[in-house]
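**Q** Dropping in work-v1.cif, which is mmCIF, C-alpha atoms:
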```cif
data_run
loop_
_atom_site.label_atom_id
_atom_site.label_comp_id
_atom_site.auth_asym_id
_atom_site.auth_seq_id
_atom_site.Cartn_x
_atom_site.Cartn_y
_atom_site.Cartn_z
CA MET A 171 28.30 -6.07 -22.97
CA ASN A 172 25.30 -5.55 -20.75
CA SER A 173 25.79 -4.50 -17.16
CA THR A 174 23.34 -5.20 -14.40
CA CYS A 175 22.53 -3.82 -11.02
CA SER A 176 22.66 -7.19 -9.33
CA ARG A 177 23.96 -7.45 -5.78
CA HIS A 178 26.56 -10.18 -5.22
CA HIS A 179 27.79 -9.10 -1.79
CA ARG A 180 27.43 -12.11 0.53
CA LEU A 181 24.65 -13.57 -1.66
CA GLY A 182 27.31 -14.97 -3.94
CA SER A 183 25.49 -15.27 -7.25
CA ASP A 184 22.28 -14.70 -9.13
CA HIS A 185 20.89 -18.09 -8.17
CA ASP A 186 17.38 -18.13 -6.77
CA LEU A 187 17.22 -16.80 -3.25
CA VAL A 188 14.55 -17.83 -0.80
CA ILE A 189 14.20 -15.75 2.35
CA ARG A 190 14.24 -18.25 5.19
CA PRO A 191 14.46 -17.85 8.96
CA SER A 192 17.89 -17.08 10.30
CA GLY A 193 19.11 -17.51 13.87
CA SER A 194 16.79 -16.00 16.42
CA SER A 195 15.98 -16.06 20.08
CA ARG A 196 13.06 -15.02 22.23
CA SER A 197 14.61 -11.57 22.51
CA HIS A 198 14.04 -11.08 18.78
CA VAL A 199 10.30 -11.68 18.85
CA MET A 200 7.81 -8.83 18.93
CA THR A 201 4.20 -9.66 19.74
CA HIS A 202 1.30 -9.05 17.38
CA ALA A 203 -0.01 -6.35 19.72
CA SER A 204 3.37 -4.58 19.63
CA LEU A 205 3.31 -4.70 15.85
CA VAL A 206 -0.03 -2.91 15.75
CA GLN A 207 1.17 -0.29 18.20
CA LEU A 208 4.49 0.24 16.43
CA LEU A 209 3.30 0.51 12.85
CA ARG A 210 -0.20 1.89 13.48
CA LEU A 211 -1.48 -0.32 10.71
CA SER A 212 -5.04 -1.60 10.95
CA LEU A 213 -4.22 -5.28 11.22
CA SER A 214 -6.98 -7.84 11.48
CA ARG A 215 -6.85 -10.29 14.35
CA ALA A 216 -7.29 -13.07 11.80
CA ALA A 217 -4.42 -15.56 11.77
CA VAL A 218 -2.22 -14.90 8.76
CA ALA A 219 1.05 -16.18 7.34
CA LEU A 220 2.94 -14.67 4.43
CA THR A 221 5.58 -16.48 2.43
CA ILE A 222 7.98 -14.20 0.56
CA LEU A 223 10.22 -15.49 -2.18
CA VAL A 224 12.82 -13.30 -3.85
CA PHE A 225 14.32 -14.74 -7.00
CA GLY A 226 17.61 -13.88 -8.65
CA THR A 227 18.04 -10.58 -10.43
CA SER A 228 16.23 -10.29 -13.74
CA ALA A 229 18.07 -7.18 -14.83
CA HIS A 230 18.82 -5.72 -18.22
CA ALA A 231 21.48 -3.17 -19.07
CA GLN A 232 21.35 -0.26 -16.64
CA VAL A 233 18.10 -1.48 -15.06
CA GLN A 234 17.39 -2.50 -11.48
CA SER A 235 14.90 -5.36 -11.35
CA ARG A 236 13.61 -7.87 -8.80
CA ASP A 237 10.95 -10.56 -9.04
CA PHE A 238 8.72 -11.16 -6.03
CA VAL A 239 6.16 -13.76 -5.00
CA LEU A 240 3.89 -12.98 -2.03
CA GLN A 241 1.57 -15.64 -0.70
CA SER A 242 -0.95 -15.15 2.11
CA LEU A 243 -1.40 -18.40 4.00
CA PRO A 244 -3.50 -19.29 7.06
CA GLY A 245 -1.74 -19.55 10.38
CA GLU A 246 -1.00 -17.63 13.53
CA HIS A 247 1.24 -15.07 11.89
CA ALA A 248 1.30 -11.36 11.12
CA ASN A 249 1.86 -10.68 7.44
CA LEU A 250 4.24 -7.84 6.91
CA TYR A 251 6.89 -7.21 4.31
CA PHE A 252 9.31 -4.29 4.31
CA ILE A 253 10.13 -3.53 0.69
CA SER A 254 12.35 -1.18 -1.30
CA LEU A 255 11.40 0.01 -4.75
CA PRO A 256 14.06 0.51 -7.43
CA ASP A 257 16.03 3.74 -7.02
CA VAL A 258 13.92 5.17 -9.87
CA PRO A 259 10.49 3.49 -9.59
CA SER A 260 8.76 2.88 -12.92
CA PHE A 261 5.01 2.29 -12.72
CA GLU A 262 2.48 2.69 -15.52
CA ASP A 263 -0.59 4.85 -15.06
CA ARG A 264 -3.05 2.03 -14.36
CA ALA A 265 -5.32 3.35 -11.58
CA ASN A 266 -8.04 5.91 -10.98
CA SER A 267 -7.83 7.02 -7.37
CA SER A 268 -11.25 8.71 -7.40
CA GLN A 269 -13.01 5.33 -7.54
CA ASP A 270 -13.92 2.98 -4.70
CA ASP A 271 -11.94 0.38 -6.66
CA PRO A 272 -9.01 2.29 -8.21
CA CYS A 273 -7.79 -0.77 -10.12
CA ASP A 274 -11.10 -1.25 -11.98
CA LEU A 275 -10.77 0.53 -15.32
CA SER A 276 -13.63 -1.31 -17.02
CA ALA A 277 -15.77 1.83 -17.18
CA THR A 278 -13.22 4.59 -16.86
CA THR A 279 -9.65 5.57 -17.71
CA PRO A 280 -6.50 6.07 -15.60
CA ASP A 281 -6.42 9.42 -13.81
CA GLY A 282 -3.10 10.55 -15.26
CA VAL A 283 -1.38 10.61 -11.85
CA ILE A 284 1.24 8.09 -10.73
CA ASN A 285 0.82 7.39 -7.03
CA VAL A 286 0.58 4.51 -4.55
CA ASP A 287 -2.58 3.18 -6.23
CA ASP A 288 -0.66 2.55 -9.44
CA ALA A 289 1.94 0.61 -7.44
CA ILE A 290 -0.76 -1.41 -5.68
CA CYS A 291 -2.55 -2.20 -8.94
CA ALA A 292 0.75 -3.42 -10.42
CA MET A 293 1.66 -5.62 -7.44
CA TRP A 294 -1.76 -6.86 -6.32
CA GLY A 295 -2.46 -10.14 -8.07
CA GLY A 296 0.52 -9.48 -10.32
CA GLY A 297 -1.55 -6.81 -12.07
CA GLU A 298 -4.17 -9.33 -13.18
CA ARG A 299 -7.67 -8.03 -12.49
CA GLU A 300 -9.12 -11.47 -11.72
CA ALA A 301 -6.48 -12.04 -9.03
CA GLN A 302 -7.04 -8.70 -7.27
CA VAL A 303 -9.14 -10.05 -4.40
CA GLY A 304 -8.97 -9.63 -0.66
CA THR A 305 -6.93 -6.78 0.80
CA PHE A 306 -3.69 -5.18 -0.35
CA GLN A 307 -2.16 -2.45 1.76
CA VAL A 308 0.94 -0.29 1.37
CA ALA A 309 2.28 2.06 4.04
CA THR A 310 5.30 4.25 4.56
CA VAL A 311 6.59 7.00 6.82
CA ASP A 312 6.25 10.52 5.42
CA PRO A 313 9.82 11.93 5.49
CA GLU A 314 8.45 15.44 6.05
CA THR A 315 6.25 14.69 9.07
CA CYS A 316 7.62 11.30 10.29
CA ARG A 317 4.02 10.07 10.42
CA TRP A 318 2.71 6.85 8.92
CA MET A 319 0.72 7.01 5.69
CA GLU A 320 -1.25 3.95 4.62
CA ARG A 321 -3.38 3.10 1.61
CA LYS A 322 -5.61 0.03 1.61
CA LEU A 323 -7.64 -1.42 -1.25
CA VAL A 324 -10.23 -4.13 -0.59
CA ARG A 325 -12.20 -6.28 -3.01
CA ILE A 326 -14.38 -9.12 -1.72
CA GLY A 327 -17.09 -10.31 -4.11
CA SER A 328 -19.10 -7.27 -5.22
CA LEU A 329 -17.76 -5.18 -2.34
CA ALA A 330 -14.88 -2.84 -3.10
CA TYR A 331 -13.58 0.11 -1.14
CA ARG A 332 -10.46 2.11 -0.38
CA SER A 333 -9.13 3.78 2.76
CA GLY A 334 -6.32 6.19 3.54
CA PRO A 335 -4.80 8.82 1.25
CA ALA A 336 -3.57 8.00 -2.24
CA PHE A 337 -0.12 9.34 -1.41
CA ASP A 338 2.63 10.03 -3.93
CA LEU A 339 5.47 7.55 -4.32
CA ILE A 340 8.67 8.96 -2.87
CA ALA A 341 12.07 7.81 -4.06
CA GLY A 342 14.67 6.78 -1.52
CA ILE A 343 12.38 5.55 1.28
CA GLY A 344 11.10 2.10 2.22
CA TYR A 345 7.55 0.72 2.16
CA ALA A 346 5.57 -1.80 4.22
CA VAL A 347 3.27 -4.21 2.33
CA GLN A 348 0.50 -6.29 3.91
CA VAL A 349 -1.53 -9.06 2.28
CA PRO A 350 -4.02 -10.37 4.87
CA TYR A 351 -5.41 -13.88 4.66
CA ASP A 352 -9.20 -13.99 4.37
CA PRO A 353 -10.90 -17.39 4.91
CA ARG A 354 -13.68 -16.35 2.52
CA ILE A 355 -11.12 -16.13 -0.27
CA GLY A 356 -8.39 -18.52 0.79
CA VAL A 357 -4.75 -18.38 -0.21
CA THR A 358 -3.77 -15.61 -2.59
CA GLU A 359 -0.56 -15.27 -4.58
CA HIS A 360 0.93 -12.08 -5.93
CA ARG A 361 3.77 -12.32 -8.46
CA PHE A 362 5.26 -9.09 -9.70
CA THR A 363 8.48 -7.52 -10.93
CA LEU A 364 9.74 -4.17 -9.72
CA SER A 365 12.13 -2.47 -12.11
CA GLY A 366 13.49 0.92 -12.99
CA PRO A 367 16.59 2.67 -14.35
CA CYS A 368 19.80 2.37 -12.35
CA GLU A 369 20.59 6.03 -12.73
CA PRO A 370 20.21 8.48 -11.22
CA GLY A 371 20.95 6.08 -8.37
CA PHE A 372 20.16 6.58 -4.70
CA THR A 373 22.88 8.85 -3.30
CA GLY A 374 21.94 8.59 0.37
CA ARG A 375 19.76 10.36 2.89
CA ASP A 376 20.34 12.97 5.58
CA LEU A 377 18.83 11.27 8.64
CA GLY A 378 19.92 14.10 10.90
CA ALA A 379 17.36 16.38 9.25
CA LEU A 380 14.40 14.11 10.04
CA CYS A 381 11.71 15.87 12.09
CA PRO A 382 14.07 17.47 14.66
CA ASP A 383 11.21 18.38 17.03
CA ALA A 384 9.89 14.80 17.33
CA ALA A 385 10.49 12.94 20.59
CA ALA A 386 11.27 9.73 18.70
CA ILE A 387 11.62 9.21 14.98
CA THR A 388 10.66 6.18 12.93
CA THR A 389 11.58 5.78 9.28
CA LEU A 390 11.89 3.03 6.69
CA LEU A 391 15.39 2.96 5.21
CA HIS A 392 15.65 2.35 1.49
CA VAL A 393 18.04 -0.53 0.71
CA PRO A 394 19.06 -0.32 -2.98
CA TYR A 395 19.15 -3.55 -4.95
CA ASP A 396 22.88 -3.07 -5.55
CA THR A 397 23.88 -1.85 -2.09
CA THR A 398 27.30 -2.81 -0.78
CA LEU A 399 26.02 -3.10 2.79
CA ASP A 400 25.63 -6.63 4.13
CA ASP A 401 23.78 -6.31 7.42
CA SER A 402 22.26 -3.97 9.99
CA VAL A 403 25.59 -3.17 11.67
CA ASP A 404 26.99 -2.09 8.30
CA ILE A 405 24.24 0.56 8.30
CA TYR A 406 25.17 1.59 11.83
CA CYS A 407 28.96 1.48 11.55
CA GLY A 408 30.06 1.15 7.91
CA LEU A 409 31.84 -1.76 6.28
CA ASP A 410 34.93 -1.92 8.51
CA TRP A 411 33.47 -2.37 11.98
CA ASP A 412 34.99 -4.64 14.60
CA VAL A 413 33.21 -6.21 17.53
CA GLY A 414 34.47 -7.64 20.80
CA GLY A 415 32.35 -8.58 23.78
CA GLY A 416 29.30 -6.89 22.31
CA VAL A 417 31.07 -3.52 21.92
CA VAL A 418 31.41 -2.25 18.36
CA ASP A 419 34.11 0.06 17.04
CA CYS A 420 32.12 2.33 14.69
CA ASP A 421 34.14 4.46 12.29
CA ASP A 422 31.48 5.07 9.66
CA GLY A 423 27.78 4.53 9.05
CA ILE A 424 24.86 6.41 10.57
CA TYR A 425 25.76 5.94 14.25
CA GLU A 426 27.28 8.97 15.99
CA LEU A 427 27.91 7.40 19.44
CA ALA A 428 24.93 9.18 20.94
CA GLY A 429 21.40 8.07 21.72
CA HIS A 430 19.66 4.76 21.19
CA TYR A 431 18.87 3.28 17.77
CA ILE A 432 16.54 0.35 17.00
CA MET A 433 16.52 -1.34 13.59
CA GLN A 434 14.03 -4.06 12.65
CA ARG A 435 13.08 -6.39 9.84
CA TYR A 436 10.27 -8.89 9.62
CA VAL A 437 10.99 -12.48 8.59
CA ASN A 438 7.73 -14.00 7.44
CA ALA A 439 9.05 -17.55 7.52
CA ILE A 440 9.79 -17.54 11.27
CA PRO A 441 7.46 -15.55 11.70
CA ALA A 442 8.93 -12.81 13.88
CA PHE A 443 10.66 -9.49 13.99
CA GLN A 444 14.42 -9.48 14.15
CA TYR A 445 15.98 -6.39 15.59
CA SER A 446 19.40 -4.90 16.17
CA ASN A 447 19.84 -2.20 18.80
CA ILE A 448 22.82 0.06 19.25
CA THR A 449 23.56 2.66 21.93
CA GLY A 450 26.49 4.78 23.10
CA PHE A 451 28.46 3.63 26.14
CA ALA A 452 31.71 5.23 27.34
CA GLY A 453 32.62 6.38 23.86
CA ASP A 454 31.91 3.00 22.27
CA ALA A 455 28.82 1.54 20.65
CA LEU A 456 27.16 -1.23 22.65
CA LEU A 457 25.40 -3.80 20.49
CA PRO A 458 23.01 -5.90 22.64
CA GLN A 459 21.55 -7.95 19.76
CA PRO A 460 23.40 -9.62 16.86
CA PRO A 461 23.10 -8.05 13.42
CA PHE A 462 20.64 -9.31 10.84
CA ASP A 463 21.43 -9.72 7.17
CA LEU A 464 20.09 -7.34 4.54
CA SER A 465 18.37 -8.93 1.56
CA PRO A 466 17.86 -7.33 -1.87
CA GLY A 467 14.48 -5.68 -2.18
CA GLU A 468 14.00 -5.25 1.56
CA SER A 469 13.88 -2.08 3.61
CA ALA A 470 14.79 -1.65 7.27
CA LEU A 471 12.61 -0.07 9.94
CA LEU A 472 14.70 2.37 11.98
CA THR A 473 13.64 4.11 15.21
CA LEU A 474 15.74 6.91 16.66
CA GLU A 475 15.08 7.63 20.31
CA PRO A 476 15.72 11.02 21.99
CA GLY A 477 19.36 12.03 21.92
CA ALA A 478 20.12 10.25 18.65
CA SER A 479 22.01 12.35 16.13
CA PRO A 480 22.56 10.11 13.09
CA ARG A 481 25.12 10.70 10.39
CA PHE A 482 24.35 10.68 6.69
CA TYR A 483 23.01 7.33 5.42
CA ALA A 484 25.17 6.22 2.49
CA SER A 485 23.96 2.90 1.11
CA ARG A 486 26.96 2.61 -1.21
CA PRO A 487 30.11 3.48 0.73
CA ASP A 488 32.19 2.75 -2.35
CA GLY A 489 30.14 5.27 -4.37
CA ILE A 490 29.65 2.83 -7.27
CA VAL A 491 26.25 2.91 -8.96
CA CYS A 492 25.25 0.38 -11.61
CA PRO A 493 28.56 -1.54 -11.77
#
```
Go ahead and express the file in the form of C-alpha cells.

**A**
Amino acid sequence: MNSTCSRHHRLGSDHDLVIRPSGSSRSHVMTHASLVQLLRLSLSRAAVALTILVFGTSAHAQVQSRDFVLQSLPGEHANLYFISLPDVPSFEDRANSSQDDPCDLSATTPDGVINVDDAICAMWGGGEREAQVGTFQVATVDPETCRWMERKLVRIGSLAYRSGPAFDLIAGIGYAVQVPYDPRIGVTEHRFTLSGPCEPGFTGRDLGALCPDAAAITTLLHVPYDTTLDDSVDIYCGLDWDVGGGVVDCDDGIYELAGHYIMQRYVNAIPAFQYSNITGFAGDALLPQPPFDLSPGESALLTLEPGASPRFYASRPDGIVCP
C-alpha cells in the first residue's frame, strides 16, 4: 500500500486548498516601503497582485509533492510568496547559467550544474518556454552569512537578461518568489509541481549557530510538507503551549525566553504581511500578536533581534518522517 507525505494536521484532508485571507488587523500590515527595506529585493513600484493556489497533495509512495499556481494580476499589491521546496529537491538540469537567458536552450545545452536557475526554469511558466515572459525572481537568506541572495531572470520581447548570482539550492531553508505584473505583458500564470523523495527527511536546524556576530538575524524557515506544526506559535513553543492574557507558557520550540523574535508570512489574497512576535517577560513569553496558520509549501520569515538565543528548530516534534 502506498504511503504519502501529505499533511493532514488541521487541514483535515487532501481536498483542494485555496490560501485565502485570515483574520487580520491594521497591526498586521506592513507597507510596501517596509517590504523593500526588509527583504532588500528590487521591487518595482508597479501595482501588482499575486494569487496563490495550493492544491491537495499529489504524492506517490515515499514522495513529497505539491502543485502550485501563481498568477500575477494588476492591482495595488506587492507580489511575494514564501515557499518551501521538498526536503530533497529534485530538479532536472534544464538551464545554462552562462547565458543572458539561462532557460533558452535552443542553441546550447544545459551546463551540467543544478542551481537556482534550474528551479526558476522549472517553475517559470510551468517550464513551458513560450510562457516564460516577464520577470521571475527567487531569493533566500544564505545560512552561512545571513545575507540575502537573489536571482532574477527577465524576458520581455527580444530582451532577456539575468541579475544576481546563480546560487546553489540549499536543502532545509525557505525561499521567496516574486512574479511582478508587467502591463506590457498582462496577466501571467505559472503552474508547477515541486516534488522529491521523502527521505532523508528534514531533521531540523540549529538556529543558535546562525551568524553569532550579527546584530540581528533574518532567515527563512523551511516548513516541510508533512510537518506536524500547525501555526507560528507551534514553532516558538512546541505543540503543547498554553496561552492566557497574551502570555504563553513555552515548554518546547525555538523560543528560549530571551530576546525578541518576529515571524512573518505574506498572504497575497489580503494582501498584507501577517506577523507574530514573541518576547521574554518575567520568565514568561509575551505574545503581542495572534498566531498565524502554517500552510503546506510555505516558509516563514524569522527575524531574531539582539539577545535572542533560539533553541533547535524541530519541524517534526514527533520525529515521524514519511508516515

**Q** I need the residue nearest A:Arg481 from this list: A:Ile355, A:Leu339, A:Cys291, A:Leu377. Use only C-alpha atoms for the distance.

**A**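 Checking each of A:Ile355, A:Leu339, A:Cys291, A:Leu377 against A:Arg481, counting only C-alpha atoms, the winner is A:Leu377.
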
**Q** Counting all atoms listed in the file, select every polymer residue within 12 Å of (-5.3, -8.2, -12.5) as defined in the file's coordinates, and provide the selection as a PyMOL selection string.

**A** chain A and resi 264-265+272-276+290-303+325+359-362

**Q** Leaving out A:Ser268 and any residue of its chain fewer than 2 positions from it, which residues lie within 12 Å of it when counting all atoms listed in the file, given as an NGL selection string?

**A** :A and (265-266 or 270-275 or 278-283 or 287 or 331-333 or 335-336)

**Q** Once the PyMOL selection byres ((chain A and resi 252) around 6) is applied to the coordinates I shared, what remains selected? I want it as a PyMOL selection string.

**A** chain A and resi 251+253+345-346+468-469

**Q** Would you give me, as a Markdown table, each residue of stretch 303-383 of chain A having an atom within 10 Å of an atom of stretch 232-244 of chain A, along with its shortest atom pair and that distance in Å to one decimal, using all atoms listed in the file and sorting by chain and residue number?

**A**
```
| residue | atom | partner | partner_atom | distance |
| --- | --- | --- | --- | --- |
| A:Val347 | CA | A:Leu240 | CA | 9.8 |
| A:Gln348 | CA | A:Ser242 | CA | 9.2 |
| A:Val349 | CA | A:Ser242 | CA | 6.1 |
| A:Pro350 | CA | A:Ser242 | CA | 6.3 |
| A:Tyr351 | CA | A:Ser242 | CA | 5.3 |
| A:Asp352 | CA | A:Pro244 | CA | 8.2 |
| A:Pro353 | CA | A:Pro244 | CA | 7.9 |
| A:Gly356 | CA | A:Leu243 | CA | 7.7 |
| A:Val357 | CA | A:Leu243 | CA | 5.4 |
| A:Thr358 | CA | A:Ser242 | CA | 5.5 |
| A:Glu359 | CA | A:Gln241 | CA | 4.4 |
| A:His360 | CA | A:Leu240 | CA | 5.0 |
| A:Arg361 | CA | A:Val239 | CA | 4.4 |
| A:Phe362 | CA | A:Phe238 | CA | 5.5 |
| A:Thr363 | CA | A:Asp237 | CA | 4.3 |
| A:Leu364 | CA | A:Arg236 | CA | 5.4 |
| A:Ser365 | CA | A:Ser235 | CA | 4.1 |
| A:Gly366 | CA | A:Gln234 | CA | 5.4 |
| A:Pro367 | CA | A:Val233 | CA | 4.5 |
| A:Cys368 | CA | A:Val233 | CA | 5.0 |
| A:Glu369 | CA | A:Gln232 | CA | 7.4 |
| A:Gly371 | CA | A:Gln234 | CA | 9.8 |
```

**Q** Need to verify the contact set: A:Gly416, 12 Å, only C-alpha atoms, exclusion of same-chain residues closer than 5 positions in sequence. Can you return it as a list in words?

**A**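 These residues fall inside the cut-off: Val403, Ser446, Asn447, Ile448, Thr449, Phe451, Asp454, Ala455, Leu456, Leu457, Pro458, Gln459, Pro460 and Pro461 of chain A.
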
**Q** Can you tell me which residues surround A:Ile326 at a distance of at most 8 Å, considering only C-alpha atoms, apart from same-chain residues fewer than 2 positions away, and format the answer as a list in words?

**A**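 Close residues of A:Ile326: Val303, Gly304, Val324, Ser328, Leu329, Ala330 and Ile355 of chain A.
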
**Q** Mind checking which residues fall within 8 Å of A:Leu464, counting all atoms listed in the file, ignoring those fewer than 2 positions away in the same chain, and posting them as a PDB file with C-alpha atoms, keeping the file's coordinate frame?

**A**
```pdb
ATOM      1  CA  LEU A 399      26.020  -3.100   2.790  1.00  0.00           C
ATOM      2  CA  ASP A 400      25.630  -6.630   4.130  1.00  0.00           C
ATOM      3  CA  ASP A 401      23.780  -6.310   7.420  1.00  0.00           C
ATOM      4  CA  SER A 402      22.260  -3.970   9.990  1.00  0.00           C
ATOM      5  CA  PHE A 462      20.640  -9.310  10.840  1.00  0.00           C
ATOM      6  CA  PRO A 466      17.860  -7.330  -1.870  1.00  0.00           C
ATOM      7  CA  GLU A 468      14.000  -5.250   1.560  1.00  0.00           C
TER       8      GLU A 468
END
```

**Q** Apply the PyMOL selection byres ((chain A and resi 394) around 9) to the structure shown and report the selected residues as a PyMOL selection string.

**A** chain A and resi 234+254-257+342+371-372+392-393+395-398+466-469+485-486

**Q** One decimal, in Å: what's the spacing between atom CA of A:Asp263 and atom CA of A:Ile284?

**A**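 Those two atoms sit 5.7 Å apart.
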
**Q** So which one's closest to A:Pro370, A:Phe482, A:Ala385, A:Gln307, A:Pro259? Using all atoms listed in the file, please.

**A**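 Comparing A:Phe482, A:Ala385, A:Gln307, A:Pro259 against A:Pro370, the winner is A:Pro259.
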
**Q** I would like the residues chosen by the PyMOL selection byres ((chain A and resi 419) around 10) on the shown file; could you give them as an mmCIF file with C-alpha atoms, in the frame of the given file?

**A**
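Result written to result16.cif:
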```
data_model
loop_
_atom_site.group_PDB
_atom_site.id
_atom_site.type_symbol
_atom_site.label_atom_id
_atom_site.label_comp_id
_atom_site.auth_asym_id
_atom_site.auth_seq_id
_atom_site.Cartn_x
_atom_site.Cartn_y
_atom_site.Cartn_z
ATOM 1 C CA CYS A 407 28.960 1.480 11.550
ATOM 2 C CA ASP A 410 34.930 -1.920 8.510
ATOM 3 C CA TRP A 411 33.470 -2.370 11.980
ATOM 4 C CA ASP A 412 34.990 -4.640 14.600
ATOM 5 C CA VAL A 413 33.210 -6.210 17.530
ATOM 6 C CA GLY A 414 34.470 -7.640 20.800
ATOM 7 C CA GLY A 416 29.300 -6.890 22.310
ATOM 8 C CA VAL A 417 31.070 -3.520 21.920
ATOM 9 C CA VAL A 418 31.410 -2.250 18.360
ATOM 10 C CA CYS A 420 32.120 2.330 14.690
ATOM 11 C CA ASP A 421 34.140 4.460 12.290
ATOM 12 C CA ASP A 422 31.480 5.070 9.660
ATOM 13 C CA LEU A 427 27.910 7.400 19.440
ATOM 14 C CA GLY A 453 32.620 6.380 23.860
ATOM 15 C CA ASP A 454 31.910 3.000 22.270
ATOM 16 C CA ALA A 455 28.820 1.540 20.650
ATOM 17 C CA LEU A 456 27.160 -1.230 22.650
#
```

**Q** What is the atom CA of A:Glu320-atom CA of A:Asn285 distance in Å, reported with one decimal?

**A**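 Atom-to-atom, atom CA of A:Glu320 to atom CA of A:Asn285, that is 12.3 Å.
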
**Q** So which one's closest to A:Ile405, A:Leu474, A:Met433, A:Leu323, A:Leu380? Using all atoms listed in the file, please.

**A**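 Of all the options, A:Met433 lies closest to A:Ile405.
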
**Q** Take every atom of stretch 248-267 of chain A listed in the file, fit an axis-aligned box around them, add 6 Å per side, and give the centre and edge lengths in Å to one decimal as AutoDock Vina command-line options.

**A**
```
--center_x 4.0 --center_y -2.2 --center_z -2.2 --size_x 36.1 --size_y 30.4 --size_z 38.6
```

**Q** Using only C-alpha atoms, pick whichever of A:Ser479, A:Asn438, A:Thr315, A:Asn249 has the shortest atom-to-atom distance to A:Cys381.

**A**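 Comparing A:Ser479, A:Asn438, A:Thr315, A:Asn249 against A:Cys381, the winner is A:Thr315.
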
**Q** Given the choices A:Pro480, A:Gly334, A:Gly344, A:Pro441, which gets closest to A:Lys322 if the distance is worked out from all atoms listed in the file?

**A** A:Gly334

**Q** Show which residues sit within 12 Å of A:Glu314, as a ChimeraX atom specification. Count all atoms listed in the file, and ignore same-chain residues fewer than 5 positions away.

**A** /A:319,340,343,377,379-384,387-389

**Q** Go ahead and compute the interatomic distance for atom CA of A:Ala386 and atom CA of A:Thr473, in Å to one decimal.

**A**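 Atom-to-atom, atom CA of A:Ala386 and atom CA of A:Thr473 are spaced 7.0 Å apart.
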